[in-house]
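J.: So that we are looking at the same thing, I have put the structure below in structure tokens.
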Amino acid sequence: MTHEQFEVLSNQAVAACAVVYFLALLAHLAEWAAGRNAPVEQAAPVAVGGGGAEEPAATEPVDESAPELRRQMFGRVGLGLTMLAAAVHFVAVVARGLAPDPIRVPWGNMYEFTLTGTWVVVIGYLLLYRRYSLSWLSPVVTGFALVTLMIDVLVLYTPVVPLRDALQSPWLVIHVVAAIIATGAFTLGGMCSALYLVKERRASRPERRGGYLDRLPDLAVLDRVAYRTHAFAFPIWTFAALIAGPIWAHYAWGRYWGWDPKEVWAFITWVVYAAYLHARATQGWKGRSAAVVALVGLATLWFNFVGINFFFGSGSQHSYAAPQPTSVVQVVGEGPSPLRR
Amino acid sequence: MTTTRTPPEERTEQRRPASALTPVELARWAWRQLTSMRTALILLFLLALAAVPGSVVPQEDVDSLRASQWREQHPELTPIYEKLGLFSVYDSVWFSAIYILLMVSLIGCFLPRLRVYWRGVRAQPPKAPRNLSRLGAHRSFETDLAPEQVREQATALLRGARFRVRRAEAEEDVSAERGYLREAGNLLFHLSVLIVLVGFAVGSLWGFRGGTIVVTGDGFANTLSQYDDFRAGAFFDPESLEPFDFTVDGFDVTFIREGREAGMAHEFSADLTYRSEPGAEDRKREISVNHPLNVRGTDVFLISHGYAPHITVRNADRSIAFSGPVVFLPQDSSFRSFGVVKVPDAEQEGGNRQIGLEGEFYPTYAFTKESGPFSAFPEDRNPAISMLAYAGDLGLDDGEPQSVYSLDKDGLEPIRSLGKPLRIDLPMGGTEQLPDGLGTVSFDGMSRFVKLQVSHTPGQKIALAGVVLALAGLLASLFVRPRRVWVRARREDGRTLVEVAGLHRSSGGDLAGEIDQLADRLATPVKETQ
Ligand code: HEM
């Protein structure tokens with residue numbers, strides 16, 4: 001296949017996987033609707049420990065009634081569709097890397113970061129699905145994937161171009177892979193924290209019953225899943241932002257830390273998540289406040305991912321990821337020429 | 001069933017100070033407040049918040065050009081911002097105050113925890129609580145084995161699982177604990193944060209960073225006077241500059257010529273000949289983005305590049321008033337570049353008027369009615385300059401340092417020809433006559449220039465070691481699971497009642513599975529192989 005064909009393939013795969021995510025979302029909404037009036041079994045206390053192997057597989061409540069069977073069927077269909085979508089999504093990412101000449105890692109601009117980041121969120125969800133019995137997270141993840149891909153295609157789409165010199169470094173690959181994985185995991189964790197807050201609010205109004213929220217696990221379980229995902233993401237973020245990033249910056253720009261807006265916000269994200277981990281261990285901050293801190297962390301992370309390039313544009317040396325390079329001296333000679341011969 | 005370890009300083013009650021306090025008590029109280037988890041949390045938030053303005057307001061240290069542009073555009077806000085230190089947030093008093101407080105708090109928190117940890121590591125696992133069934137993870141069963149046998153087996157199993165087991169003969173319980181590394185990791189992490197800060201501080205106090213633009217063929221010697229801009233820490237000593245020098249022999253850039261990516265620089269690199277000190281032997285080295293030259297700890301980075309057209313200004317009598325390559329700063333990705341020529345030595349019949357030229361350079365000149373002149377490609381396929389000419393006083397003599405990239409037009413008048421300001425449009429090799437016997441301007445040739453950054457940042461290795469240690473500590477702190485397990489066996493109605501219970505000592509842990517496993521193995525005894 002030629003490079004152009006790979007680009008077309010990638011674009012088609014993005015469209016296809018978005019459709020499949022949409023179908024998966026529909027299946028999960030149907031699952032939820034079918035379960036609306038069915039009584040909710042108090043879900044068996046889900047083991048969410050650290051080590052892994054010794055945890056018993058979560059037991060689904062045994063209920064043979066027709067609506068319950070239908071509900072489970074919808075759930076399985078949704079899960080299957082999500083796996084299919086993730087596979088097609090993967091094709092989109094890989095084809096994107098094969099499209100430029102010479103081929104490169106598919107992380108050259110925001111469109112590509114977002115494409116890959118969304119995939120990481122879905123994969124993280126699928127990997128943890130059994131271990132943490134994540135069926136309650138399905139509508140959120142599929143809906144998130146769908147919306148993010150739509151925004152990505154409509155707002156952030158960038159045609160394939162080769163990497164700029166500054167980006168051609170093994171540290172780029174390491175730095176960006178780590179940053180994307182951490183972003184995906186933080187996003188998953190943030191979903192759990194958000195659901196925690198929603199559920200906690202609901203708990204104060206017990207009269208409204210039925211529906212999705214009753215299918216959420218206990219607050220303690222939500223909190224623990226959120227913590228586990230954040231605890232996984234935090235060291236990776238530490239590595240991406242405070243080790244690989246500075247090393248790359250050293251080679252590319254001659255300083256390892258320069259308080260460039262992108263670096264400032266990476267630091268802010270790190271500090272806020274450190275505060276989250278602290279909050280979980282501080283009297284009076286556990287639970288609700290900690291969940292809020294986690295969401296603040298996520299907001300700073302996404303702001304850095306997307307916002308910086310729009311709001312600060314050329315002020316950041318990292319603005320290579322902006323749709324249009326506008327900076328003067330720093331981007332000397334890079335970026336496509338507005339005029340072609 | 002998850003219990004959170006309460007940091008020691010939180011166990012001591014933090015009451016508000018009663019009305020009558022001795023200074024010592026007050027100081028104690030303040031210290032306890034400062035080193036509490038809550039204060040640490042709030043300081044962390046403050047630190048995050050305080051970092052924000054530095055990403056919004058252009059920073060002197062990051063981009064001094066943008067900072068000064070911002071100052072010009074906001075004359076009212078500038079003095080206020082200056083006072084608040086908003087142009088250099090990261091060395092401002094308030095930012096420093098926050099992180100210094102945080103570090104003091106960190107030390108104040110670290111030392112007592114270290115002491116507690118040290119005692120804990122050497123102590124035996126604690127005795128079992130009286131009521132094991134209260135613990136979240138709890139199992140009990142009956143067996144025919146004697147209690148001693150059960151205990152013996154439990155001890156062996158737990159030791160095998162790398163638990164530390166309490167040595168005590170006359171007890172009916174086996175107490176065991178493992179996961180000591182968690183707290184060690186946590187302590188290491190917090191200590192490493194300090195190490196990173198030290199490394200960072202060393203770099204910003206003793207380090208320097210300078211920028212210089214060198215035209216190909218020219219050289220650079222590492223002394224202060226050769227830098228275009230230079231920034232150094234408070235304790236930097238100019239004597240400590242490594243005495244190396246180098247010449248830029250050539251510069252190479254490949255632009256992609258075809259397809260959608262046409263015009264992008266593919267690769268660029270500069271060839272240097274350098275000497276690590278005067279008299280040392282010459283060495284050759286190619287530098288490019290991501291591949292700096294390192295001379296005894298000082299790095300030379302290739303940052304960007306551009307064109308330096310050779311411009312000659314002659315007086316009316318053909319004598320040369322100015323000649324040489326002039327650096328034009330690129331303005332966009334097509335290398336439309338901006339530059340200034342200052343000719344202080346221009347001579348004319350009847351009174352000396354200095355000459356200044358200001359305008360643009362286009363590596364591949366093109367023109368349309370709509371857009372005016374522009375550069376169609378970044379390569380020098382059809383180089384041309386287009387500059388306005390001024391005559392008068394360049395303002396070089398009033399003592400104020402001037403940028404070589406801008407004309408001070410206070411004392412200058414545009415040179416007019418036929419009533420209109422004179423624009424000099426020249427292809428390479430061309431010459432244009434100035435009116436009024438002012439002489440000629442010619443565009444004779446082209447060189448490249450490279451923008452280099454030279455920097456020395458001591459403490460880099462300390463900082464790097466710090467973060468790596470911090471990461472290691474963090475991993476231990478987040479993933480080692482500290483836990484205590486107790487097995488109680490006692491005779492009851494002719495059989496042995498065995499209770500197995502555990503306590504996870506960190507938030508987010510769960511022991512049920514492990515306790516079940518242990519209970520199962522105790523309930524189905526295997527033959528000892530010995
Ligand atoms: C530079 C400032 C600090 C940073 C970046 C920081 C970061 C962190 C991080 C990331 C953790 C999570 C590790 C874990 O959960 O085990 C943690 C835990 C902890 N930190 Fe800090 N910390 C800082 C300052 C402090 C201070 C000043 C104190 C003392 C009050 C403190 C006390 C603790 C304690 C007791 C834990 C253990 C919490 C637990 O058991 O989960 N930290 N810190």
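Every chain in the structure tokens has a letter given in the order shown (A, B, ...), and although residue numbers restart at 1 in each chain, ligands are simply numbered from 1 in the order shown.
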Counting only C-alpha atoms and all ligand atoms, give me one row per residue of chain A with an atom at most 9 Å from an atom of ligand 1, showing the shortest contact pair and its distance in Å to one decimal, sorted by chain then residue number, as a Markdown table.
T.:
| residue | atom | partner | partner_atom_place_in_ligand_line | distance |
| --- | --- | --- | --- | --- |
| A:Ala231 | CA | ligand 1 | 15 (O) | 7.6 |
| A:Phe234 | CA | ligand 1 | 10 (C) | 7.7 |
| A:Pro235 | CA | ligand 1 | 10 (C) | 8.4 |
| A:Trp270 | CA | ligand 1 | 5 (C) | 8.1 |
| A:Val271 | CA | ligand 1 | 5 (C) | 6.2 |
| A:Tyr273 | CA | ligand 1 | 10 (C) | 7.3 |
| A:Ala274 | CA | ligand 1 | 10 (C) | 4.2 |
| A:Ala275 | CA | ligand 1 | 7 (C) | 6.9 |
| A:Tyr276 | CA | ligand 1 | 10 (C) | 8.2 |
| A:Leu277 | CA | ligand 1 | 12 (C) | 5.0 |
| A:His278 | CA | ligand 1 | 18 (C) | 5.3 |
| A:Ala279 | CA | ligand 1 | 38 (C) | 8.4 |
| A:Arg280 | CA | ligand 1 | 41 (O) | 6.9 |
| A:Ala281 | CA | ligand 1 | 38 (C) | 5.0 |
| A:Thr282 | CA | ligand 1 | 38 (C) | 7.8 |
J.: Range 67-188 of chain A: which residues are helix (DSSP H, G or I) by DSSP, as a VMD selection string?
T.: chain A and resid 67 to 98 110 to 128 134 to 155 165 to 167 170 to 188
J.: Can you check which parts of chain B lie within 6 Å of chain A? Per residue, the shortest pair of atoms and distance in Å to one decimal, counting only C-alpha atoms, sorted by chain and number, as a tab-separated table.
T.:
residue	atom	partner	partner_atom	distance
B:Leu41	CA	A:Ala275	CA	5.7
B:Ala48	CA	A:Ile268	CA	4.8
B:Ser55	CA	A:Pro261	CA	4.5
B:Glu261	CA	A:Pro336	CA	5.6
B:Gly263	CA	A:Ser337	CA	5.1
B:Met264	CA	A:Glu334	CA	5.0
B:Ala265	CA	A:Gly333	CA	5.5
B:Val289	CA	A:Ala252	CA	5.7
B:Asn290	CA	A:Tyr251	CA	4.5
B:Phe301	CA	A:Gly254	CA	5.9
B:Gln331	CA	A:Val328	CA	5.2
B:Asp332	CA	A:Val328	CA	5.8
B:Ser333	CA	A:Gly333	CA	4.7
B:Ser334	CA	A:Ser337	CA	5.9
B:Ala376	CA	A:Leu339	CA	5.8
B:Gly508	CA	A:Arg224	CA	5.3
B:Gly509	CA	A:Gly49	CA	5.2
B:Asp510	CA	A:Gly49	CA	4.5
B:Gly513	CA	A:Glu54	CA	5.0
J.: When you look at range 493-503 of chain B with a cut-off of 9 Å (counting only C-alpha atoms), what residues show up, excluding the ones that are within fewer than 2 positions of it in the same chain? I need them as a ChimeraX atom specification.
T.: /B:1-3,132-147,150,482-491,505,510-512,514-516,518-519,522-523
J.: Would you list, as a PyMOL selection string, the residues of range 219-379 of chain B that end up in strand (DSSP E or B) under DSSP run on this structure's backbone?
T.: chain B and resi 219-221+229-232+245-255+265-275+283-288+291+293-295+298-314+320-325+328-330+337-343+354-362+364-368+372-375
J.: State, in Å with one decimal place, the distance from CA of Val24 in chain B to CA of Leu101 in chain B.
T.: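 So the answer is 20.1 Å.
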J.: What is the distance, in Å and to one decimal place, between CA of Asp282 in chain B and CA of His310 in chain B?
T.: 28.3 Å
J.: Using only C-alpha atoms, determine which residues lie at most 7 Å from Glu31 in chain A, disregarding the query and same-chain residues fewer than 3 positions distant; provide the list as a PyMOL selection string.
T.: chain A and resi 27-28+34-35+71-72+74-75
J.: Grab the residues selected above and save them as a PDB file, in the first residue's frame with C-alpha atoms.
T.:
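File written: part-v1.pdb
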ATOM      1  CA  ALA A  27     -26.261  -1.454  23.408  1.00  0.00           C
ATOM      2  CA  HIS A  28     -25.178  -0.210  26.828  1.00  0.00           C
ATOM      3  CA  ALA A  34     -33.684  -2.948  30.396  1.00  0.00           C
ATOM      4  CA  GLY A  35     -32.377  -2.936  33.923  1.00  0.00           C
ATOM      5  CA  ARG A  71     -30.115  -6.885  30.142  1.00  0.00           C
ATOM      6  CA  GLN A  72     -27.107  -9.170  30.340  1.00  0.00           C
ATOM      7  CA  PHE A  74     -27.253  -6.203  25.809  1.00  0.00           C
ATOM      8  CA  GLY A  75     -24.263  -5.829  28.075  1.00  0.00           C
TER       9      GLY A  75
END
J.: Would you pick out the contacts of Gly250 in chain B at 10 Å or less, using only C-alpha atoms, so that residues sharing its chain but fewer than 3 positions from it are not included, and give the list as a list in words?
T.: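 Within the cut-off, the hits are Val215, Thr216, Gly217, Asp218, Thr247, Ser269, Ala270, Asp271, Leu272, Thr273, Glu286, Ser447, Arg448, Phe449 and Val450 of chain B.
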J.: How about saving the chosen residues, C-alpha atoms kept, as a PDB file, in the first residue's frame?
T.:
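Output file out38.pdb is given in full below:
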ATOM      1  CA  VAL B 215      27.231  33.337  10.213  1.00  0.00           C
ATOM      2  CA  THR B 216      28.836  30.410   8.403  1.00  0.00           C
ATOM      3  CA  GLY B 217      32.533  30.910   8.096  1.00  0.00           C
ATOM      4  CA  ASP B 218      32.682  32.933  11.291  1.00  0.00           C
ATOM      5  CA  THR B 247      34.145  28.024  13.680  1.00  0.00           C
ATOM      6  CA  SER B 269      22.907  20.435  10.784  1.00  0.00           C
ATOM      7  CA  ALA B 270      25.987  22.565  11.145  1.00  0.00           C
ATOM      8  CA  ASP B 271      29.620  21.538  10.802  1.00  0.00           C
ATOM      9  CA  LEU B 272      31.867  22.902  13.501  1.00  0.00           C
ATOM     10  CA  THR B 273      35.586  22.885  13.988  1.00  0.00           C
ATOM     11  CA  GLU B 286      28.468  17.979  13.185  1.00  0.00           C
ATOM     12  CA  SER B 447      25.597  33.117   3.665  1.00  0.00           C
ATOM     13  CA  ARG B 448      23.681  31.091   6.167  1.00  0.00           C
ATOM     14  CA  PHE B 449      23.590  31.745   9.843  1.00  0.00           C
ATOM     15  CA  VAL B 450      22.884  29.441  12.738  1.00  0.00           C
TER      16      VAL B 450
END
J.: Determine, counting only C-alpha atoms, which protein, DNA and RNA residues have an atom within 12 Å of an atom of Gly108 in chain B; residues of the same chain fewer than 6 positions away are not included. Present the result as a list of chain:residue names.
T.: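 These residues fall inside the cut-off: B:Pro8, B:Glu9, B:Arg28, B:Ala30, B:Trp31, B:Arg32, B:Gln33, B:Leu34, B:Thr35, B:Ser36, B:Met37, B:Thr39, B:Ala40, B:Leu101, B:Leu102, B:Leu114, B:Arg115, B:His190, B:Leu191.
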J.: Pick the closest to His175 in chain A from A:Leu69, A:Phe22, A:Ala241, A:Leu81: which is it, counting only C-alpha atoms?
T.: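 Ranking A:Leu69, A:Phe22, A:Ala241, A:Leu81 by distance to His175 in chain A, first place goes to A:Ala241.
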J.: Find, counting only C-alpha atoms, the residue in B:Ala321, B:Ala280, B:Ile415, B:Leu426 that gets nearest to Pro309 in chain B.
T.: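 The answer is B:Leu426, which sits nearest to Pro309 in chain B.
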